[in-house]
Amino acid sequence: MEEQCEDRGVIETIRCIVCPTGCEIEVKEMPDGEVTFEGYTCNRGLEYAKQEFFAPKRVLTTTIRVRNGLLPLIPVRVDKPILKEKLDEAFQEIALTEVDAPIKMGDILIEHVAGENCNIIASRDLPKVED
Ligand code: SF4
């Protein structure tokens with residue numbers, strides 16, 4: 001007997017990372033084009049899967065060059081997750097940026113990076129080098 005393909009219509013499988021349960025959520029496209037989500041156990045998972053499917057975001061971490069700092073680079077991150085499709089643009093903007101020491105943890109070093117509603121902030125203090 002021929003086995004029925006249960007995966008028909010599944011266009012992506014997303015592992016929910018909102019809690020340690022790690023539900024697998026299947027994204028399916030119905031014949032009429034409607035997209036549905038199956039396998040989540042709670043609404044937080046459904047919201048996560050929708051976000052991840054339609055407009056995935058990521059936490060960007062990297063470093064920025066520093067003038068007159070005790071170190072030449074400072075670790076930075078976004079203050080809110082940024083759209084995955086904007087990561088390249090954000091990295092380019094960061095690569096062209098140089099900031100002046102002293103810097104305090106949490107200082108905004110680039111506002112609205114890549115034109116998004118998030119900022120690049122310092123992940124640590126960085127004192128100015130003494131002359
Ligand atoms: S769907 Fe709900 S229960 Fe499942 S991993 Fe996500 S948050 Fe946890």
# chains A, B, ... in the order shown; residues from 1 in each chain; ligands from 1
call {"tool": "residues_near_ligand", "arguments": {"ligand": "ligand 1", "cutoff": "7 Å", "atoms": "only C-alpha atoms and all ligand atoms", "output": "list in words"}}
result
Cys16, Ile17, Val18, Cys19, Pro20, Thr21, Gly22, Cys23, Tyr40, Thr41, Cys42, Asn43, Arg44, Gly45 and Leu46 of chain A
call {"tool": "residues_around", "arguments": {"residues": "Lys128 in chain A", "least_positions_apart": "4", "cutoff": "9 Å", "atoms": "only C-alpha atoms", "output": "CSV table (one decimal) with N, CA and C atoms, in the first residue's frame"}}
result
chain,number,residue,atom,x,y,z
A,67,ARG,N,38.7,55.4,18.3
A,67,ARG,CA,39.8,56.3,18.3
A,67,ARG,C,40.1,56.7,19.8
A,68,ASN,N,41.4,56.7,20.1
A,68,ASN,CA,41.9,57.1,21.4
A,68,ASN,C,41.4,56.2,22.6
A,69,GLY,N,41.1,55.0,22.2
A,69,GLY,CA,40.7,54.1,23.3
A,69,GLY,C,41.8,53.2,23.8
A,70,LEU,N,41.6,52.7,25.0
A,70,LEU,CA,42.5,51.7,25.6
A,70,LEU,C,42.7,50.5,24.8
A,71,LEU,N,41.6,50.2,24.0
A,71,LEU,CA,41.6,49.1,23.1
A,71,LEU,C,41.2,49.6,21.7
A,100,ASP,N,34.7,57.7,19.3
A,100,ASP,CA,35.7,58.2,20.2
A,100,ASP,C,35.6,57.6,21.6
A,101,ALA,N,36.7,57.3,22.2
A,101,ALA,CA,36.7,56.9,23.6
A,101,ALA,C,36.7,58.2,24.4
A,102,PRO,N,36.2,58.2,25.7
A,102,PRO,CA,35.7,57.1,26.4
A,102,PRO,C,34.3,56.7,26.1
A,103,ILE,N,33.9,55.5,26.3
A,103,ILE,CA,32.6,54.9,26.0
A,103,ILE,C,32.1,54.2,27.2
call {"tool": "atom_distance", "arguments": {"atom1": "CA of Ser123 in chain A", "atom2": "CA of Asp79 in chain A"}}
result
10.0 Å
call {"tool": "select_by_dssp", "arguments": {"residues": "range 26-114 of chain A", "states": "strand (DSSP E or B)", "output": "ChimeraX atom specification"}}
result
/A:26-29,35-38,57-58,61-67,69,73-78,82-83,98-100,103,108-110
call {"tool": "write_last_selection", "arguments": {"atoms": "C-alpha atoms", "output": "compact mmCIF listing (two decimals), in the first residue's frame"}}
result
# COMPACT_ATOMS: atom_id res chain seq x y z
CA GLU A 26 5.44 23.32 10.37
CA VAL A 27 4.61 26.08 7.98
CA LYS A 28 2.25 24.86 5.28
CA GLU A 29 0.91 26.44 2.16
CA VAL A 35 -0.08 29.93 4.93
CA THR A 36 -0.83 27.96 8.11
CA PHE A 37 1.22 26.98 11.15
CA GLU A 38 0.99 23.61 12.94
CA LYS A 57 14.99 39.08 13.01
CA ARG A 58 18.40 38.48 14.52
CA THR A 61 26.84 41.46 17.67
CA THR A 62 30.17 42.68 16.36
CA THR A 63 32.87 45.28 17.09
CA ILE A 64 33.43 48.92 16.13
CA ARG A 65 36.75 50.71 15.71
CA VAL A 66 37.63 53.17 18.46
CA ARG A 67 39.78 56.32 18.34
CA GLY A 69 40.67 54.05 23.30
CA LEU A 73 37.84 47.87 19.11
CA ILE A 74 34.74 47.79 21.27
CA PRO A 75 32.18 44.96 21.30
CA VAL A 76 28.71 46.17 20.34
CA ARG A 77 25.23 44.79 19.80
CA VAL A 78 21.79 45.89 18.72
CA ILE A 82 17.05 43.64 13.58
CA LEU A 83 15.45 42.29 10.40
CA GLU A 98 34.75 54.83 14.12
CA VAL A 99 33.85 56.15 17.57
CA ASP A 100 35.74 58.18 20.17
CA ILE A 103 32.61 54.95 25.98
CA ILE A 108 24.32 54.45 21.62
CA LEU A 109 27.08 54.38 19.02
CA ILE A 110 24.90 54.25 15.87
call {"tool": "atom_distance", "arguments": {"atom1": "CA of Lys84 in chain A", "atom2": "CA of Ala55 in chain A"}}
result
7.6 Å
call {"tool": "select_by_dssp", "arguments": {"residues": "range 86-116 of chain A", "states": "helix (DSSP H, G or I)", "output": "list in words"}}
result
Lys86, Leu87, Asp88, Glu89, Ala90, Phe91, Gln92, Glu93, Ile94, Ala95, Val113, Ala114 and Gly115 of chain A
call {"tool": "closest_residue", "arguments": {"among": "A:Thr97, A:Lys86, A:Asp32, A:Val10", "to": "Asn117 in chain A", "atoms": "only C-alpha atoms"}}
result
A:Lys86
